[in-house]
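First up is the structure itself, then whatever we jot down about it.
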Protein chains: 2
Amino acid sequence: MIETPYLLFLGDAPDPLAAKVAQGIRDWRPGQSVGQFRMAGCRADLGLPDMTLTEAKAAGAKTLVVGVANRGGVISPAWKKVLVAALEEGFDLASGLHNLLRDEEDLAAVARATGRRLHDVRVPDVAYPIANGLRRRGRRMLTVGTDCSIGKMYTALCLEREMRARGMTATFRATGQTGILIAGAGVPLDAVVADFMAGAVEWLTPDNDPDHWDLIEGQGSLFHVSYSGVTLALIHGGQPDALVLCHEPTRTHLRGLPHVPMPSLEALRDLSLAMARIANPGVRVAGISINTAALPEDAARACLAEAEARMGLPATDPFRFGAGRLVDALAAL
Amino acid sequence: MIETPYLLFLGDAPDPLAAKVAQGIRDWRPGQSVGQFRMAGCRADLGLPDMTLTEAKAAGAKTLVVGVANRGGVISPAWKKVLVAALEEGFDLASGLHNLLRDEEDLAAVARATGRRLHDVRVPDVAYPIANGLRRRGRRMLTVGTDCSIGKMYTALCLEREMRARGMTATFRATGQTGILIAGAGVPLDAVVADFMAGAVEWLTPDNDPDHWDLIEGQGSLFHVSYSGVTLALIHGGQPDALVLCHEPTRTHLRGLPHVPMPSLEALRDLSLAMARIANPGVRVAGISINTAALPEDAARACLAEAEARMGLPATDPFRFGAGRLVDALAAL
């Protein structure tokens, strides 16, 4: 578990997109960050108070989170200076970068000397068990998609926000690096060793109160051959009671596979149910989440109405139009 | 690639079963081992010449293969003495043990000093790519099973033997530790990091001659929630042209999951085809391999006849009755 609250490190982000991890943390955990730390030349701004390390420490911040992508896969000397100073001020560090904090000898040495922790959420730090397939108490929802990078994390987060607003008990379960930094915990599933994938998902979604919902962040797609094994481990380890189908209507081919057209929502429904019934015969499809960011509002609403009529399931863009109808469907299951 | 021929190390095996890896190598690569090395108290015997290290070296052996399971997960001092002597005699070492040769400081030091190699086939030593899903030339068969440990490796090896006897070009592609020691190369898929599983299978089964068959060792089962993600990575990374369904008719529940009954061959066919068509729309089920070791011969033949009539596919126990009818079916595809 990463200690909160955070100070969000934006570094010298060349544009807002480079700071999208920090943006996600600010959007989804608005009370969790006391401020932002920006270096000279930073072109991102989260609208949070700019703070020095000392100011953030005084405001209670416990962890400096690297919320920006680095260039060229190296942690630059300019960043390094801030990260070392943060450790010396008493901050833990957290990062989802491919090049790990712990692999930087100076950071590792200062962390040892100061007793601070380096959280590299890119890689697992737990010895996960082999999955045992036993049914667990509590309810579980998993987002599954026609493709990768299609809104599965945002959909699960939207559901959590709406459920909590209604007084339901619900926990977003992160399975990717950005999700882990938002939630402060989770499983970086794409970096888990094959034999332990499903066991890691069982570990992430343990026995719970009968009316508690685990809202599990999906990964990959059963139709995307590069990552489908990860997706299936989520379906079988998560043993969901409910699936939410995620789709992007303007995409013409699978991400990174230009020779493979997008599957239909019907194909996603049928294959996902066939696989999910192996772990939980009672699983149902609760509804459809369509990422309409690329469409003007009237086209977005028409797209949702068409999908809803065709599939006989509630369809919404939960980030744009709210997750209420999906939560209605989950609550009614 | 592990250099051949081998000297098979049986150590102080308490019974023949403890030396089943060595048994597999002897059964499937009969010309590949010059002899066996047995210590005092060894209760396994492969029927190969007993040799000292010096005798085996003179007979041309290049690699000492640990063909025996160790007790308690430790490499005993008695074993260690032989392994060190083998390195000093000029042998490479190969092992599929969970505790790695490379993690033994004395073995690692002697290997460095002598310039010999330590092959720990339990873990990958290749930086596999992310799968790209592109079609490759050549033909591919994958064994899929109703459960784990059901005959998928033996079936692929039987097919290789029969194809080669007919003058066809075929290569067994190992995806587990025993298979890798038999073949001298392969991918230890259960130890690969999730994101690279399907890419590792693509790497293992590259472009080939149009009439060449890759005979891919399956792992796990789509119905076994602990390992199904690994199975799906094989189906999508291997993009098989043909599947052979593997089954064990006397098993009552899935291995390690006493609460889960065995699926039917029909369910295996339908789900495997649905998943395999995503990577290769032309995939076909070629036939059925049933492990009848637990049945007397008349019951075994009746079981095969029943499965064949019911499924409309050739069914055999290829280890007991030959793989001819399966190869006929593959050749006719």
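Identifiers in the structure tokens: chain A, B, ... in order shown; residue index from 1 per chain; ligand index from 1 in order shown.
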
Mind dumping a table of every chain A residue within 6 Å of chain B, with the nearest atom pair and its distance in Å to one decimal, using only C-alpha atoms, sorted by chain and rising number, as a Markdown table?
```
| residue | atom | partner | partner_atom | distance |
| --- | --- | --- | --- | --- |
| A:Ala131 | CA | B:Ser226 | CA | 4.7 |
| A:Asp190 | CA | B:Asp195 | CA | 4.9 |
| A:Ala191 | CA | B:Val193 | CA | 5.5 |
| A:Val192 | CA | B:Val193 | CA | 5.5 |
| A:Val193 | CA | B:Val193 | CA | 4.3 |
| A:Ala194 | CA | B:Asp190 | CA | 5.0 |
| A:Asp195 | CA | B:Asp190 | CA | 4.9 |
| A:Ala198 | CA | B:Ser226 | CA | 5.8 |
| A:Val225 | CA | B:His236 | CA | 5.1 |
| A:Ser226 | CA | B:Ala131 | CA | 4.7 |
| A:Gly229 | CA | B:Gly229 | CA | 4.0 |
| A:Val230 | CA | B:Gly229 | CA | 6.0 |
| A:Leu232 | CA | B:Gly229 | CA | 5.2 |
| A:Ala233 | CA | B:Gly229 | CA | 4.9 |
| A:His236 | CA | B:Val225 | CA | 5.2 |
```

Show which residues sit within 8 Å of Arg29 in chain B, as an mmCIF file with N, CA, C and O atoms, in the first residue's frame. Count only C-alpha atoms, and ignore same-chain residues fewer than 4 positions away.
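What landed in result.cif:
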```cif
data_model
loop_
_atom_site.group_PDB
_atom_site.id
_atom_site.type_symbol
_atom_site.label_atom_id
_atom_site.label_comp_id
_atom_site.auth_asym_id
_atom_site.auth_seq_id
_atom_site.Cartn_x
_atom_site.Cartn_y
_atom_site.Cartn_z
ATOM 1 N N ILE B 25 13.482 -38.478 -21.505
ATOM 2 C CA ILE B 25 14.560 -38.216 -22.472
ATOM 3 C C ILE B 25 14.976 -39.525 -23.149
ATOM 4 O O ILE B 25 15.160 -39.579 -24.364
ATOM 5 N N SER B 33 21.492 -39.963 -25.477
ATOM 6 C CA SER B 33 22.179 -40.101 -24.194
ATOM 7 C C SER B 33 23.164 -41.268 -24.274
ATOM 8 O O SER B 33 22.795 -42.382 -24.630
ATOM 9 N N ILE B 182 13.981 -32.825 -23.279
ATOM 10 C CA ILE B 182 13.887 -33.831 -24.342
ATOM 11 C C ILE B 182 14.316 -33.216 -25.672
ATOM 12 O O ILE B 182 15.119 -33.795 -26.411
ATOM 13 N N ALA B 183 13.778 -32.048 -25.982
ATOM 14 C CA ALA B 183 14.041 -31.447 -27.294
ATOM 15 C C ALA B 183 15.375 -30.700 -27.338
ATOM 16 O O ALA B 183 15.906 -30.448 -28.409
#
```

**Message:** DSSP on the backbone, helix (DSSP H, G or I) only: what residues of range 49-158 of chain B does that give? Format it as a ChimeraX atom specification.
**Reply:** /B:53-58,77-89,101-103,105-114,152-158

What would the file look like if the residues just selected were written as a short mmCIF file (atom, residue, chain, number, x, y, z; two decimals), in the first residue's frame with N, CA, C and O atoms?
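Result file is part.cif:
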```
data_model
loop_
_atom_site.label_atom_id
_atom_site.label_comp_id
_atom_site.auth_asym_id
_atom_site.auth_seq_id
_atom_site.Cartn_x
_atom_site.Cartn_y
_atom_site.Cartn_z
N LEU B 53 32.02 -40.03 -15.01
CA LEU B 53 32.12 -38.80 -15.79
C LEU B 53 33.19 -38.96 -16.88
O LEU B 53 32.98 -38.55 -18.03
N THR B 54 34.32 -39.56 -16.51
CA THR B 54 35.41 -39.70 -17.47
C THR B 54 35.02 -40.61 -18.64
O THR B 54 35.30 -40.31 -19.81
N GLU B 55 34.33 -41.71 -18.32
CA GLU B 55 33.88 -42.61 -19.39
C GLU B 55 32.89 -41.91 -20.32
O GLU B 55 32.96 -42.06 -21.55
N ALA B 56 31.97 -41.15 -19.71
CA ALA B 56 30.97 -40.47 -20.54
C ALA B 56 31.62 -39.42 -21.42
O ALA B 56 31.25 -39.24 -22.59
N LYS B 57 32.61 -38.72 -20.87
CA LYS B 57 33.31 -37.70 -21.66
C LYS B 57 33.99 -38.36 -22.85
O LYS B 57 33.90 -37.85 -23.99
N ALA B 58 34.63 -39.52 -22.59
CA ALA B 58 35.31 -40.24 -23.67
C ALA B 58 34.31 -40.71 -24.73
O ALA B 58 34.63 -40.81 -25.91
N PRO B 77 24.50 -31.93 -0.75
CA PRO B 77 25.96 -31.92 -0.87
C PRO B 77 26.47 -33.09 -1.71
O PRO B 77 27.45 -32.95 -2.46
N ALA B 78 25.80 -34.25 -1.62
CA ALA B 78 26.25 -35.41 -2.39
C ALA B 78 26.10 -35.16 -3.90
O ALA B 78 26.99 -35.46 -4.69
N TRP B 79 24.97 -34.59 -4.28
CA TRP B 79 24.79 -34.21 -5.69
C TRP B 79 25.82 -33.16 -6.10
O TRP B 79 26.39 -33.23 -7.18
N LYS B 80 25.97 -32.17 -5.23
CA LYS B 80 26.83 -31.04 -5.55
C LYS B 80 28.23 -31.49 -5.94
O LYS B 80 28.82 -30.96 -6.89
N LYS B 81 28.72 -32.48 -5.22
CA LYS B 81 30.07 -32.99 -5.49
C LYS B 81 30.18 -33.49 -6.94
O LYS B 81 31.14 -33.20 -7.64
N VAL B 82 29.14 -34.23 -7.38
CA VAL B 82 29.15 -34.75 -8.75
C VAL B 82 29.01 -33.60 -9.76
O VAL B 82 29.71 -33.57 -10.79
N LEU B 83 28.15 -32.66 -9.47
CA LEU B 83 27.91 -31.57 -10.42
C LEU B 83 29.17 -30.72 -10.59
O LEU B 83 29.51 -30.31 -11.71
N VAL B 84 29.86 -30.44 -9.49
CA VAL B 84 31.10 -29.67 -9.58
C VAL B 84 32.14 -30.45 -10.39
O VAL B 84 32.81 -29.90 -11.28
N ALA B 85 32.26 -31.75 -10.10
CA ALA B 85 33.23 -32.57 -10.84
C ALA B 85 32.90 -32.58 -12.33
O ALA B 85 33.81 -32.54 -13.18
N ALA B 86 31.61 -32.62 -12.66
CA ALA B 86 31.22 -32.63 -14.07
C ALA B 86 31.64 -31.34 -14.77
O ALA B 86 32.17 -31.37 -15.90
N LEU B 87 31.43 -30.20 -14.11
CA LEU B 87 31.87 -28.93 -14.70
C LEU B 87 33.38 -28.96 -14.93
O LEU B 87 33.88 -28.53 -15.98
N GLU B 88 34.10 -29.49 -13.94
CA GLU B 88 35.57 -29.52 -14.05
C GLU B 88 36.03 -30.48 -15.15
O GLU B 88 37.07 -30.27 -15.77
N GLU B 89 35.22 -31.51 -15.43
CA GLU B 89 35.53 -32.45 -16.53
C GLU B 89 35.18 -31.85 -17.89
O GLU B 89 35.45 -32.47 -18.92
N LEU B 101 20.34 -24.06 -10.69
CA LEU B 101 21.78 -24.28 -10.64
C LEU B 101 22.50 -22.95 -10.44
O LEU B 101 23.45 -22.84 -9.65
N ARG B 102 22.06 -21.93 -11.17
CA ARG B 102 22.77 -20.64 -11.14
C ARG B 102 22.70 -19.97 -9.77
O ARG B 102 23.48 -19.08 -9.49
N ASP B 103 21.73 -20.38 -8.95
CA ASP B 103 21.61 -19.78 -7.61
C ASP B 103 22.52 -20.46 -6.59
O ASP B 103 22.60 -20.01 -5.44
N GLU B 105 25.99 -20.87 -5.30
CA GLU B 105 27.18 -20.04 -5.50
C GLU B 105 28.38 -20.84 -5.96
O GLU B 105 29.16 -20.40 -6.82
N ASP B 106 28.56 -22.05 -5.40
CA ASP B 106 29.73 -22.84 -5.80
C ASP B 106 29.62 -23.29 -7.25
O ASP B 106 30.59 -23.23 -8.01
N LEU B 107 28.43 -23.73 -7.67
CA LEU B 107 28.27 -24.14 -9.07
C LEU B 107 28.50 -22.96 -10.01
O LEU B 107 29.17 -23.09 -11.04
N ALA B 108 27.94 -21.83 -9.66
CA ALA B 108 28.10 -20.65 -10.51
C ALA B 108 29.58 -20.27 -10.62
O ALA B 108 30.06 -19.94 -11.72
N ALA B 109 30.30 -20.35 -9.50
CA ALA B 109 31.72 -19.97 -9.52
C ALA B 109 32.54 -20.94 -10.38
O ALA B 109 33.37 -20.51 -11.20
N VAL B 110 32.28 -22.24 -10.23
CA VAL B 110 33.04 -23.22 -11.01
C VAL B 110 32.69 -23.10 -12.50
O VAL B 110 33.55 -23.21 -13.37
N ALA B 111 31.42 -22.85 -12.81
CA ALA B 111 31.02 -22.70 -14.21
C ALA B 111 31.73 -21.49 -14.83
O ALA B 111 32.22 -21.57 -15.97
N ARG B 112 31.81 -20.40 -14.08
CA ARG B 112 32.53 -19.22 -14.59
C ARG B 112 34.00 -19.55 -14.83
O ARG B 112 34.56 -19.24 -15.87
N ALA B 113 34.60 -20.22 -13.85
CA ALA B 113 36.04 -20.50 -13.93
C ALA B 113 36.36 -21.46 -15.07
O ALA B 113 37.42 -21.35 -15.71
N THR B 114 35.45 -22.39 -15.34
CA THR B 114 35.72 -23.40 -16.36
C THR B 114 35.13 -23.03 -17.72
O THR B 114 35.34 -23.73 -18.70
N LYS B 152 -0.65 -34.18 -23.18
CA LYS B 152 -0.45 -33.25 -24.29
C LYS B 152 0.99 -33.31 -24.83
O LYS B 152 1.20 -33.23 -26.04
N MET B 153 1.98 -33.46 -23.94
CA MET B 153 3.37 -33.56 -24.38
C MET B 153 3.60 -34.89 -25.10
O MET B 153 4.18 -34.92 -26.20
N TYR B 154 3.15 -35.97 -24.51
CA TYR B 154 3.35 -37.28 -25.13
C TYR B 154 2.66 -37.35 -26.50
O TYR B 154 3.19 -37.92 -27.44
N THR B 155 1.48 -36.76 -26.61
CA THR B 155 0.78 -36.78 -27.89
C THR B 155 1.60 -36.06 -28.96
O THR B 155 1.77 -36.58 -30.08
N ALA B 156 2.12 -34.87 -28.63
CA ALA B 156 2.92 -34.12 -29.62
C ALA B 156 4.17 -34.91 -29.99
O ALA B 156 4.57 -34.94 -31.17
N LEU B 157 4.79 -35.56 -29.03
CA LEU B 157 5.99 -36.35 -29.32
C LEU B 157 5.65 -37.58 -30.16
O LEU B 157 6.42 -37.95 -31.08
N CYS B 158 4.53 -38.22 -29.89
CA CYS B 158 4.10 -39.37 -30.72
C CYS B 158 3.87 -38.94 -32.16
O CYS B 158 4.21 -39.66 -33.11
#
```

Excluding same-chain residues fewer than 5 positions from Thr250 in chain B, what lies within 10 Å of it counting only C-alpha atoms, as a PDB file with N, CA and C atoms, in the first residue's frame?
```
ATOM      1  N   MET B 262     -14.715 -32.791 -14.654  1.00  0.00           N
ATOM      2  CA  MET B 262     -14.049 -32.730 -15.957  1.00  0.00           C
ATOM      3  C   MET B 262     -15.035 -32.249 -17.016  1.00  0.00           C
ATOM      4  N   ASN B 291      -5.691 -40.786 -23.242  1.00  0.00           N
ATOM      5  CA  ASN B 291      -4.729 -41.488 -22.400  1.00  0.00           C
ATOM      6  C   ASN B 291      -5.466 -42.632 -21.704  1.00  0.00           C
ATOM      7  N   THR B 292      -5.252 -43.864 -22.188  1.00  0.00           N
ATOM      8  CA  THR B 292      -6.003 -45.021 -21.675  1.00  0.00           C
ATOM      9  C   THR B 292      -5.171 -45.858 -20.713  1.00  0.00           C
ATOM     10  N   ALA B 293      -4.084 -45.274 -20.184  1.00  0.00           N
ATOM     11  CA  ALA B 293      -3.171 -46.061 -19.344  1.00  0.00           C
ATOM     12  C   ALA B 293      -3.886 -46.740 -18.181  1.00  0.00           C
ATOM     13  N   ALA B 294      -4.972 -46.140 -17.703  1.00  0.00           N
ATOM     14  CA  ALA B 294      -5.664 -46.704 -16.535  1.00  0.00           C
ATOM     15  C   ALA B 294      -6.658 -47.797 -16.916  1.00  0.00           C
ATOM     16  N   LEU B 295      -6.799 -48.099 -18.203  1.00  0.00           N
ATOM     17  CA  LEU B 295      -7.811 -49.068 -18.649  1.00  0.00           C
ATOM     18  C   LEU B 295      -7.150 -50.321 -19.223  1.00  0.00           C
TER      19      LEU B 295
END
```

**Request:** Please identify all polymer residues within 8 Å of Asp241 in chain B, counting only C-alpha atoms, omitting same-chain residues fewer than 6 positions from it, and present them as an MDAnalysis selection string.
**Result:** chainID B and resid 139:141 280 282:284

Any chance you could export the current selection's C-alpha atoms as an mmCIF file, in the first residue's frame?
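Result file is result.cif:
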```cif
data_model
loop_
_atom_site.group_PDB
_atom_site.id
_atom_site.type_symbol
_atom_site.label_atom_id
_atom_site.label_comp_id
_atom_site.auth_asym_id
_atom_site.auth_seq_id
_atom_site.Cartn_x
_atom_site.Cartn_y
_atom_site.Cartn_z
ATOM 1 C CA ARG B 139 1.791 -25.725 -40.563
ATOM 2 C CA ARG B 140 1.147 -25.901 -36.837
ATOM 3 C CA MET B 141 -0.585 -28.406 -34.582
ATOM 4 C CA ASN B 280 -6.486 -18.593 -37.523
ATOM 5 C CA GLY B 282 -9.115 -21.950 -40.905
ATOM 6 C CA VAL B 283 -8.244 -24.020 -37.834
ATOM 7 C CA ARG B 284 -9.676 -27.566 -37.666
#
```

**Prompt:** Which neighbours of range 64-69 of chain A fall inside 10 Å, counting only C-alpha atoms, when residues of the same chain fewer than 2 positions from it are skipped, and could you give them as a PyMOL selection string?
**Reply:** chain A and resi 2-25+33+36-37+44+53+56-57+61-62+71-73+75+79+82-83+86-87+90-98+118-119+178+181

Got time to write the residues from that selection, C-alpha atoms, as a PDB file, in the first residue's frame?
```pdb
ATOM      1  CA  ILE A   2       1.347   3.382  -1.021  1.00  0.00           C
ATOM      2  CA  GLU A   3       0.996   5.984   1.753  1.00  0.00           C
ATOM      3  CA  THR A   4      -1.200   9.005   1.049  1.00  0.00           C
ATOM      4  CA  PRO A   5      -1.598  11.902   0.568  1.00  0.00           C
ATOM      5  CA  TYR A   6       0.554  12.405  -2.510  1.00  0.00           C
ATOM      6  CA  LEU A   7       2.609  15.197  -3.972  1.00  0.00           C
ATOM      7  CA  LEU A   8       2.324  14.784  -7.760  1.00  0.00           C
ATOM      8  CA  PHE A   9       5.617  15.181  -9.624  1.00  0.00           C
ATOM      9  CA  LEU A  10       5.073  16.577 -13.131  1.00  0.00           C
ATOM     10  CA  GLY A  11       8.769  17.135 -13.844  1.00  0.00           C
ATOM     11  CA  ASP A  12       9.476  18.892 -17.113  1.00  0.00           C
ATOM     12  CA  ALA A  13       6.458  17.399 -18.917  1.00  0.00           C
ATOM     13  CA  PRO A  14       6.606  18.644 -22.526  1.00  0.00           C
ATOM     14  CA  ASP A  15       2.786  18.631 -22.834  1.00  0.00           C
ATOM     15  CA  PRO A  16      -0.315  17.741 -20.776  1.00  0.00           C
ATOM     16  CA  LEU A  17      -0.484  14.215 -22.267  1.00  0.00           C
ATOM     17  CA  ALA A  18       2.907  13.347 -20.766  1.00  0.00           C
ATOM     18  CA  ALA A  19       1.364  13.901 -17.330  1.00  0.00           C
ATOM     19  CA  LYS A  20      -1.710  11.728 -17.899  1.00  0.00           C
ATOM     20  CA  VAL A  21      -0.923   9.461 -14.960  1.00  0.00           C
ATOM     21  CA  ALA A  22      -0.976  12.474 -12.635  1.00  0.00           C
ATOM     22  CA  GLN A  23      -4.146  13.653 -14.359  1.00  0.00           C
ATOM     23  CA  GLY A  24      -5.793  10.292 -13.647  1.00  0.00           C
ATOM     24  CA  ILE A  25      -4.859  10.483  -9.979  1.00  0.00           C
ATOM     25  CA  SER A  33      -2.974  14.923  -3.539  1.00  0.00           C
ATOM     26  CA  GLN A  36       1.861  19.391  -7.738  1.00  0.00           C
ATOM     27  CA  PHE A  37       5.631  19.764  -8.165  1.00  0.00           C
ATOM     28  CA  ALA A  44       1.406  20.404 -17.777  1.00  0.00           C
ATOM     29  CA  LEU A  53       8.992  19.647  -1.138  1.00  0.00           C
ATOM     30  CA  ALA A  56       4.165  19.631   0.648  1.00  0.00           C
ATOM     31  CA  LYS A  57       5.700  17.936   3.660  1.00  0.00           C
ATOM     32  CA  ALA A  61       2.190  14.638   1.905  1.00  0.00           C
ATOM     33  CA  LYS A  62       3.748  11.205   2.445  1.00  0.00           C
ATOM     34  CA  ARG A  71      11.738  10.612 -22.257  1.00  0.00           C
ATOM     35  CA  GLY A  72      13.905   7.906 -23.733  1.00  0.00           C
ATOM     36  CA  GLY A  73      13.453   5.531 -20.819  1.00  0.00           C
ATOM     37  CA  ILE A  75      15.487   9.139 -15.341  1.00  0.00           C
ATOM     38  CA  TRP A  79      14.620  14.624 -12.128  1.00  0.00           C
ATOM     39  CA  VAL A  82      14.382  16.266  -7.017  1.00  0.00           C
ATOM     40  CA  LEU A  83      13.828  12.584  -6.258  1.00  0.00           C
ATOM     41  CA  ALA A  86      12.378  14.121  -1.695  1.00  0.00           C
ATOM     42  CA  LEU A  87      13.800  11.003  -0.057  1.00  0.00           C
ATOM     43  CA  GLY A  90      11.169  12.022   4.226  1.00  0.00           C
ATOM     44  CA  PHE A  91       8.968  11.220   1.238  1.00  0.00           C
ATOM     45  CA  ASP A  92       8.486   7.718  -0.139  1.00  0.00           C
ATOM     46  CA  LEU A  93       8.644   7.574  -3.952  1.00  0.00           C
ATOM     47  CA  ALA A  94       6.153   5.823  -6.255  1.00  0.00           C
ATOM     48  CA  SER A  95       6.492   5.316  -9.998  1.00  0.00           C
ATOM     49  CA  GLY A  96       5.020   3.296 -12.829  1.00  0.00           C
ATOM     50  CA  LEU A  97       7.974   3.917 -15.146  1.00  0.00           C
ATOM     51  CA  HIS A  98       9.511   1.045 -17.100  1.00  0.00           C
ATOM     52  CA  LEU A 118      10.596   3.025  -3.412  1.00  0.00           C
ATOM     53  CA  HIS A 119       7.302   1.777  -4.936  1.00  0.00           C
ATOM     54  CA  THR A 178      -1.969   3.851 -13.614  1.00  0.00           C
ATOM     55  CA  LEU A 181      -1.176   4.700  -8.523  1.00  0.00           C
TER      56      LEU A 181
END
```

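Interatomic distance, CA of Ile216 in chain B to CA of Thr175 in chain B: 7.6 Å.
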
I want to know what sits within 6 Å of Val144 in chain B, based on only C-alpha atoms, with residues of the same chain fewer than 2 positions away left out; could you give that as an mmCIF file with C-alpha atoms, in the first residue's frame?
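The result, written out as around_39.cif:
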```
data_model
loop_
_atom_site.group_PDB
_atom_site.id
_atom_site.type_symbol
_atom_site.label_atom_id
_atom_site.label_comp_id
_atom_site.auth_asym_id
_atom_site.auth_seq_id
_atom_site.Cartn_x
_atom_site.Cartn_y
_atom_site.Cartn_z
ATOM 1 C CA GLY B 218 0.083 -27.706 -25.010
ATOM 2 C CA LEU B 245 -8.029 -32.909 -28.281
ATOM 3 C CA CYS B 246 -6.455 -34.693 -25.289
#
```
